[in-house]
Amino acid sequence: MSDQLEEDFVNHTTDWINDDTFCQPPHDPEFYNNPYALYRQLHEKPGPVFWQDYQLWCLAGFDAVSSALKDRRFARLPPLDVSASPTPSHLTDFAQVEQHSLLQLEPPDHTRLRKRVNRAFVARQIDSMAPDIEKLVNQCIDEFVDAGETDLLTSLATPVPVTVIAQLLGVPVELKDDLLRWSHDMVKVYTLTQTHEQEVTANQSANEFRACLVDLITHKRQHPGDDLLSLLASSEDVDTVLTDAEIVSVAVLLLNAGHEATVHQFGNLVNTLLTEQCAPRGGFGDLATAKKVINEGLRYDAPLHLFTRYAQVDIEFSSGVTLAKGEQIALLLGAANRDPKRFAEPNRFWPDRPDGDHVSLGAGIHFCIGAALTALELRIMCDTLFKRLPSLELIETPRYRNLFHFHGLETLNVSW
């Protein structure tokens, strides 16, 4: 999309009430297909801006977002002395599953739980998964290679991450359809724009997922294997013994965050590589080149665009805006990644850029625990795909799903 088209779009759809308050319906197709047009205007503001549709103050600058992710004055939960909104009765099962999520915890609980999970994500163990991932990718491509065309989201981007995370957890791969359904249902609650019906469905899926995992955890304690559920269920480390509820929350987070983000990022990256003329399709076999391309893809078209934090104290910004203790603020990750004050030519896909960085995986204690696994999956999928199908091209211009919060494509139809 040209700069002029982006400016015309913003002038047409965004209703600025004053210098720091605006309306932008998240379900507007023009918006969620190109949120970067709005971000360009946000970058012109000196401080936080108030998004009426979400009823949240928002940070859009790279330095502001990056700092907030690491600033202990912001946390995932409200301060202890501020009353949190009660859980609606139709979301009790969902809340129970989320209760011990690493994304929701702060030290010391976060430290204790993450220490245990980190043991499964050391580099040596992640790298050892490469041969199995490559075999799985080739098997998926074998199933559609003779057709001449496919939707890469359904034929490759979806089955690979869900199979990998199931194997890592120790969940039978035969349950992957259930895992996908539960994940798709539950992540809708994170968008802040879900309907009552979607919440009811998410609650039911959370209940089913928890029941499945509790049965598996019981089995793993009696018959441990070489998988994450067995590791988490073990009582070898008496300092970090985990309850069933804590293990369930970890497993749900790894599925929902790891699978959803990987699917979206693969789709966004391949779309970029097939769209941008200067984007390199090859070179994923070289680790240094692959790292640069994947990191730039995470900056250029991130899979998650909005993340929230609670102020733990009253916070006054230099622009004069004050965030009250207990108030939420939205960190616009996708906007921060395109900040012209931080990046030269921010709207250009430039793997060799000298100022490369991004906030797509978070920062500080909540930095994405599965970052290394996601990078490995993306490298192997892209390397194998473009080696086997070097003439790959888009059949049509893809559109993004009506989930601004999670920025991913509806389909990725290609031919070769």
# chains A, B, ... in the order shown; residues from 1 in each chain; ligands from 1
>>> closest_atom_pairs(of="stretch 57-158 of chain A", to="stretch 395-401 of chain A", cutoff="10 Å", atoms="only C-alpha atoms", output="Markdown table")
| residue | atom | partner | partner_atom | distance |
| --- | --- | --- | --- | --- |
| A:Glu149 | CA | A:Ile395 | CA | 8.4 |
| A:Thr150 | CA | A:Ile395 | CA | 9.3 |
| A:Asp151 | CA | A:Ile395 | CA | 9.6 |
>>> residues_around(residues="stretch 121-136 of chain A", least_positions_apart="2", cutoff="12 Å", atoms="only C-alpha atoms", output="VMD selection string")
chain A and resid 114 to 119 138 to 143 155 to 165 167 to 169 226 to 228 231 254 285 368 to 385
>>> closest_residue(among="A:Val321, A:Ala311, A:Ala75, A:Ala233", to="A:Leu216", atoms="only C-alpha atoms")
A:Ala233
>>> select_by_dssp(residues="stretch 128-271 of chain A", states="helix (DSSP H, G or I)", output="ChimeraX atom specification")
/A:130-147,152-157,159-169,173-191,196-222,228-233,238-240,244-271
>>> closest_residue(among="A:Leu242, A:Val200, A:Leu103, A:Leu255", to="A:Ala166", atoms="only C-alpha atoms")
A:Leu255
>>> atom_distance(atom1="atom CA of A:Trp57", atom2="atom CA of A:Gln104")
19.8 Å
>>> atom_distance(atom1="atom CA of A:Leu69", atom2="atom CA of A:Thr322")
18.0 Å
>>> closest_residue(among="A:His259, A:Arg353, A:Lys220, A:Arg338", to="A:Lys176", atoms="only C-alpha atoms")
A:His259
>>> residues_around(residues="A:Asn295", least_positions_apart="2", cutoff="12 Å", atoms="only C-alpha atoms", output="compact mmCIF listing (two decimals) with N, CA and C atoms, in the first residue's frame")
# COMPACT_ATOMS: atom_id res chain seq x y z
N GLN A 265 2.87 -15.85 12.31
CA GLN A 265 4.13 -15.31 11.86
C GLN A 265 4.63 -15.98 10.60
N PHE A 266 4.41 -17.29 10.46
CA PHE A 266 4.78 -17.97 9.22
C PHE A 266 4.00 -17.38 8.05
N LEU A 269 5.18 -13.83 7.30
CA LEU A 269 6.52 -13.79 6.72
C LEU A 269 6.53 -14.27 5.28
N LEU A 287 22.30 -19.96 9.06
CA LEU A 287 21.69 -19.55 10.33
C LEU A 287 21.69 -18.04 10.50
N ALA A 288 22.77 -17.37 10.14
CA ALA A 288 22.86 -15.92 10.32
C ALA A 288 21.86 -15.20 9.44
N THR A 289 21.75 -15.64 8.17
CA THR A 289 20.79 -15.03 7.25
C THR A 289 19.36 -15.28 7.70
N ALA A 290 19.09 -16.52 8.09
CA ALA A 290 17.75 -16.88 8.54
C ALA A 290 17.34 -16.04 9.75
N LYS A 291 18.26 -15.85 10.67
CA LYS A 291 17.95 -15.07 11.88
C LYS A 291 17.58 -13.64 11.51
N LYS A 292 18.32 -13.04 10.57
CA LYS A 292 18.02 -11.67 10.17
C LYS A 292 16.67 -11.56 9.49
N VAL A 293 16.36 -12.51 8.61
CA VAL A 293 15.08 -12.46 7.89
C VAL A 293 13.91 -12.67 8.85
N GLY A 297 11.09 -10.03 9.86
CA GLY A 297 9.68 -10.38 9.68
C GLY A 297 8.87 -10.11 10.92
N LEU A 298 9.43 -10.42 12.09
CA LEU A 298 8.75 -10.15 13.35
C LEU A 298 8.56 -8.66 13.58
N ARG A 299 9.49 -7.86 13.13
CA ARG A 299 9.34 -6.41 13.24
C ARG A 299 8.34 -5.88 12.23
N TYR A 300 8.47 -6.31 11.00
CA TYR A 300 7.72 -5.74 9.89
C TYR A 300 6.23 -6.06 9.95
N ASP A 301 5.88 -7.28 10.32
CA ASP A 301 4.46 -7.68 10.35
C ASP A 301 4.26 -8.68 11.48
N ALA A 302 4.19 -8.16 12.69
CA ALA A 302 4.17 -8.98 13.90
C ALA A 302 2.86 -9.77 14.04
N ASN A 337 7.08 -1.34 16.49
CA ASN A 337 8.00 -1.91 15.50
C ASN A 337 8.14 -1.07 14.24
N PHE A 349 10.69 -3.57 4.35
CA PHE A 349 11.20 -4.86 4.80
C PHE A 349 12.67 -4.93 4.42
N TRP A 350 13.52 -4.93 5.42
CA TRP A 350 14.96 -4.74 5.20
C TRP A 350 15.74 -5.63 6.18
N PRO A 351 15.94 -6.92 5.83
CA PRO A 351 16.63 -7.84 6.74
C PRO A 351 18.02 -7.40 7.16
N ASP A 352 18.73 -6.68 6.28
CA ASP A 352 20.09 -6.25 6.59
C ASP A 352 20.14 -4.86 7.23
N ARG A 353 18.98 -4.39 7.72
CA ARG A 353 18.96 -3.05 8.30
C ARG A 353 19.94 -2.95 9.47
N ASP A 355 19.67 -1.12 12.06
CA ASP A 355 19.01 -0.78 13.32
C ASP A 355 17.94 -1.82 13.68
N GLY A 356 18.22 -3.07 13.35
CA GLY A 356 17.23 -4.13 13.55
C GLY A 356 16.92 -4.39 15.02
N ASP A 357 15.66 -4.56 15.31
CA ASP A 357 15.17 -4.91 16.65
C ASP A 357 13.65 -5.01 16.55
N HIS A 358 13.01 -5.49 17.60
CA HIS A 358 11.55 -5.52 17.65
C HIS A 358 11.12 -5.84 19.07
N VAL A 359 9.82 -5.63 19.34
CA VAL A 359 9.26 -5.96 20.66
C VAL A 359 8.19 -7.04 20.53
N SER A 360 8.17 -7.75 19.41
CA SER A 360 7.10 -8.71 19.13
C SER A 360 7.07 -9.88 20.09
N LEU A 361 8.20 -10.19 20.72
CA LEU A 361 8.27 -11.31 21.66
C LEU A 361 8.31 -10.85 23.10
N ALA A 371 10.59 -18.55 22.24
CA ALA A 371 11.17 -17.81 21.13
C ALA A 371 12.12 -18.66 20.29
N ALA A 372 12.98 -19.44 20.94
CA ALA A 372 13.95 -20.26 20.20
C ALA A 372 13.26 -21.35 19.39
N THR A 374 10.13 -21.25 18.23
CA THR A 374 9.43 -20.60 17.12
C THR A 374 10.38 -20.27 15.99
N ALA A 375 11.55 -19.73 16.33
CA ALA A 375 12.54 -19.39 15.30
C ALA A 375 12.99 -20.63 14.55
N LEU A 378 10.16 -21.71 12.17
CA LEU A 378 10.05 -20.80 11.03
C LEU A 378 11.19 -21.02 10.04
N ARG A 379 12.41 -21.20 10.56
CA ARG A 379 13.56 -21.39 9.67
C ARG A 379 13.42 -22.66 8.86
>>> closest_residue(among="A:Pro29, A:Pro108, A:Gly61, A:Pro78", to="A:Leu42", atoms="only C-alpha atoms")
A:Gly61
>>> closest_residue(among="A:Ser83, A:Ser230, A:Asn347, A:Asn256", to="A:Tyr190", atoms="only C-alpha atoms")
A:Asn256
>>> closest_residue(among="A:Glu296, A:Glu260, A:Glu393, A:Glu345", to="A:Leu179", atoms="only C-alpha atoms")
A:Glu260
>>> decode(residues="stretch 27-60 of chain A", atoms="N, CA and C atoms", output="PDB file, in the first residue's frame")
ATOM      1  N   HIS A  27     -12.924  -3.796  14.425  1.00  0.00           N
ATOM      2  CA  HIS A  27     -13.480  -4.731  13.443  1.00  0.00           C
ATOM      3  C   HIS A  27     -13.679  -4.105  12.065  1.00  0.00           C
ATOM      4  N   ASP A  28     -13.169  -2.919  11.857  1.00  0.00           N
ATOM      5  CA  ASP A  28     -13.214  -2.277  10.541  1.00  0.00           C
ATOM      6  C   ASP A  28     -12.233  -3.021   9.621  1.00  0.00           C
ATOM      7  N   PRO A  29     -12.717  -3.635   8.519  1.00  0.00           N
ATOM      8  CA  PRO A  29     -11.827  -4.431   7.650  1.00  0.00           C
ATOM      9  C   PRO A  29     -10.635  -3.642   7.132  1.00  0.00           C
ATOM     10  N   GLU A  30     -10.861  -2.378   6.775  1.00  0.00           N
ATOM     11  CA  GLU A  30      -9.736  -1.596   6.270  1.00  0.00           C
ATOM     12  C   GLU A  30      -8.671  -1.418   7.350  1.00  0.00           C
ATOM     13  N   PHE A  31      -9.116  -1.316   8.588  1.00  0.00           N
ATOM     14  CA  PHE A  31      -8.151  -1.133   9.680  1.00  0.00           C
ATOM     15  C   PHE A  31      -7.368  -2.397   9.953  1.00  0.00           C
ATOM     16  N   TYR A  32      -8.051  -3.527  10.206  1.00  0.00           N
ATOM     17  CA  TYR A  32      -7.272  -4.708  10.598  1.00  0.00           C
ATOM     18  C   TYR A  32      -6.487  -5.297   9.430  1.00  0.00           C
ATOM     19  N   ASN A  33      -6.808  -4.898   8.208  1.00  0.00           N
ATOM     20  CA  ASN A  33      -5.968  -5.304   7.084  1.00  0.00           C
ATOM     21  C   ASN A  33      -4.737  -4.415   6.935  1.00  0.00           C
ATOM     22  N   ASN A  34      -4.790  -3.212   7.522  1.00  0.00           N
ATOM     23  CA  ASN A  34      -3.637  -2.315   7.454  1.00  0.00           C
ATOM     24  C   ASN A  34      -3.605  -1.407   8.674  1.00  0.00           C
ATOM     25  N   PRO A  35      -3.301  -1.941   9.846  1.00  0.00           N
ATOM     26  CA  PRO A  35      -3.241  -1.098  11.046  1.00  0.00           C
ATOM     27  C   PRO A  35      -2.092  -0.105  11.012  1.00  0.00           C
ATOM     28  N   TYR A  36      -1.113  -0.328  10.140  1.00  0.00           N
ATOM     29  CA  TYR A  36       0.064   0.530  10.101  1.00  0.00           C
ATOM     30  C   TYR A  36      -0.274   1.952   9.667  1.00  0.00           C
ATOM     31  N   ALA A  37      -1.369   2.109   8.945  1.00  0.00           N
ATOM     32  CA  ALA A  37      -1.775   3.456   8.547  1.00  0.00           C
ATOM     33  C   ALA A  37      -2.123   4.302   9.768  1.00  0.00           C
ATOM     34  N   LEU A  38      -2.862   3.713  10.701  1.00  0.00           N
ATOM     35  CA  LEU A  38      -3.177   4.424  11.942  1.00  0.00           C
ATOM     36  C   LEU A  38      -1.918   4.677  12.767  1.00  0.00           C
ATOM     37  N   TYR A  39      -1.041   3.701  12.813  1.00  0.00           N
ATOM     38  CA  TYR A  39       0.162   3.841  13.627  1.00  0.00           C
ATOM     39  C   TYR A  39       0.993   5.060  13.210  1.00  0.00           C
ATOM     40  N   ARG A  40       0.950   5.380  11.936  1.00  0.00           N
ATOM     41  CA  ARG A  40       1.719   6.532  11.467  1.00  0.00           C
ATOM     42  C   ARG A  40       1.236   7.806  12.144  1.00  0.00           C
ATOM     43  N   GLN A  41      -0.058   7.909  12.380  1.00  0.00           N
ATOM     44  CA  GLN A  41      -0.569   9.087  13.076  1.00  0.00           C
ATOM     45  C   GLN A  41      -0.243   9.041  14.566  1.00  0.00           C
ATOM     46  N   LEU A  42      -0.306   7.867  15.152  1.00  0.00           N
ATOM     47  CA  LEU A  42       0.006   7.749  16.572  1.00  0.00           C
ATOM     48  C   LEU A  42       1.440   8.175  16.866  1.00  0.00           C
ATOM     49  N   HIS A  43       2.339   7.923  15.919  1.00  0.00           N
ATOM     50  CA  HIS A  43       3.738   8.267  16.126  1.00  0.00           C
ATOM     51  C   HIS A  43       3.964   9.774  16.151  1.00  0.00           C
ATOM     52  N   GLU A  44       2.980  10.535  15.676  1.00  0.00           N
ATOM     53  CA  GLU A  44       3.104  11.994  15.696  1.00  0.00           C
ATOM     54  C   GLU A  44       2.713  12.583  17.047  1.00  0.00           C
ATOM     55  N   LYS A  45       2.130  11.752  17.940  1.00  0.00           N
ATOM     56  CA  LYS A  45       1.679  12.236  19.241  1.00  0.00           C
ATOM     57  C   LYS A  45       2.819  12.130  20.255  1.00  0.00           C
ATOM     58  N   PRO A  46       2.923  13.097  21.172  1.00  0.00           N
ATOM     59  CA  PRO A  46       4.061  13.114  22.110  1.00  0.00           C
ATOM     60  C   PRO A  46       3.979  12.105  23.240  1.00  0.00           C
ATOM     61  N   GLY A  47       2.798  11.572  23.541  1.00  0.00           N
ATOM     62  CA  GLY A  47       2.664  10.654  24.669  1.00  0.00           C
ATOM     63  C   GLY A  47       1.559   9.655  24.438  1.00  0.00           C
ATOM     64  N   PRO A  48       1.036   9.057  25.513  1.00  0.00           N
ATOM     65  CA  PRO A  48      -0.049   8.084  25.358  1.00  0.00           C
ATOM     66  C   PRO A  48      -1.279   8.707  24.701  1.00  0.00           C
ATOM     67  N   VAL A  49      -2.002   7.889  23.946  1.00  0.00           N
ATOM     68  CA  VAL A  49      -3.264   8.321  23.342  1.00  0.00           C
ATOM     69  C   VAL A  49      -4.369   7.390  23.833  1.00  0.00           C
ATOM     70  N   PHE A  50      -5.578   7.912  23.930  1.00  0.00           N
ATOM     71  CA  PHE A  50      -6.686   7.147  24.484  1.00  0.00           C
ATOM     72  C   PHE A  50      -7.550   6.584  23.357  1.00  0.00           C
ATOM     73  N   TRP A  51      -7.656   5.257  23.299  1.00  0.00           N
ATOM     74  CA  TRP A  51      -8.433   4.566  22.265  1.00  0.00           C
ATOM     75  C   TRP A  51      -9.832   4.317  22.827  1.00  0.00           C
ATOM     76  N   GLN A  52     -10.797   5.087  22.335  1.00  0.00           N
ATOM     77  CA  GLN A  52     -12.149   5.033  22.872  1.00  0.00           C
ATOM     78  C   GLN A  52     -12.776   3.657  22.750  1.00  0.00           C
ATOM     79  N   ASP A  53     -12.531   2.971  21.652  1.00  0.00           N
ATOM     80  CA  ASP A  53     -13.171   1.674  21.418  1.00  0.00           C
ATOM     81  C   ASP A  53     -12.734   0.622  22.435  1.00  0.00           C
ATOM     82  N   TYR A  54     -11.517   0.726  22.925  1.00  0.00           N
ATOM     83  CA  TYR A  54     -11.008  -0.185  23.943  1.00  0.00           C
ATOM     84  C   TYR A  54     -11.095   0.397  25.355  1.00  0.00           C
ATOM     85  N   GLN A  55     -11.311   1.723  25.434  1.00  0.00           N
ATOM     86  CA  GLN A  55     -11.282   2.433  26.708  1.00  0.00           C
ATOM     87  C   GLN A  55      -9.937   2.224  27.415  1.00  0.00           C
ATOM     88  N   LEU A  56      -8.875   2.384  26.634  1.00  0.00           N
ATOM     89  CA  LEU A  56      -7.521   2.183  27.141  1.00  0.00           C
ATOM     90  C   LEU A  56      -6.592   3.277  26.634  1.00  0.00           C
ATOM     91  N   TRP A  57      -5.673   3.707  27.497  1.00  0.00           N
ATOM     92  CA  TRP A  57      -4.552   4.506  27.043  1.00  0.00           C
ATOM     93  C   TRP A  57      -3.590   3.574  26.314  1.00  0.00           C
ATOM     94  N   CYS A  58      -2.924   4.099  25.286  1.00  0.00           N
ATOM     95  CA  CYS A  58      -2.050   3.274  24.457  1.00  0.00           C
ATOM     96  C   CYS A  58      -0.674   3.924  24.301  1.00  0.00           C
ATOM     97  N   LEU A  59       0.345   3.091  24.284  1.00  0.00           N
ATOM     98  CA  LEU A  59       1.700   3.522  23.953  1.00  0.00           C
ATOM     99  C   LEU A  59       2.056   2.955  22.591  1.00  0.00           C
ATOM    100  N   ALA A  60       2.621   3.806  21.720  1.00  0.00           N
ATOM    101  CA  ALA A  60       2.920   3.379  20.355  1.00  0.00           C
ATOM    102  C   ALA A  60       4.392   3.498  19.992  1.00  0.00           C
TER     103      ALA A  60
END
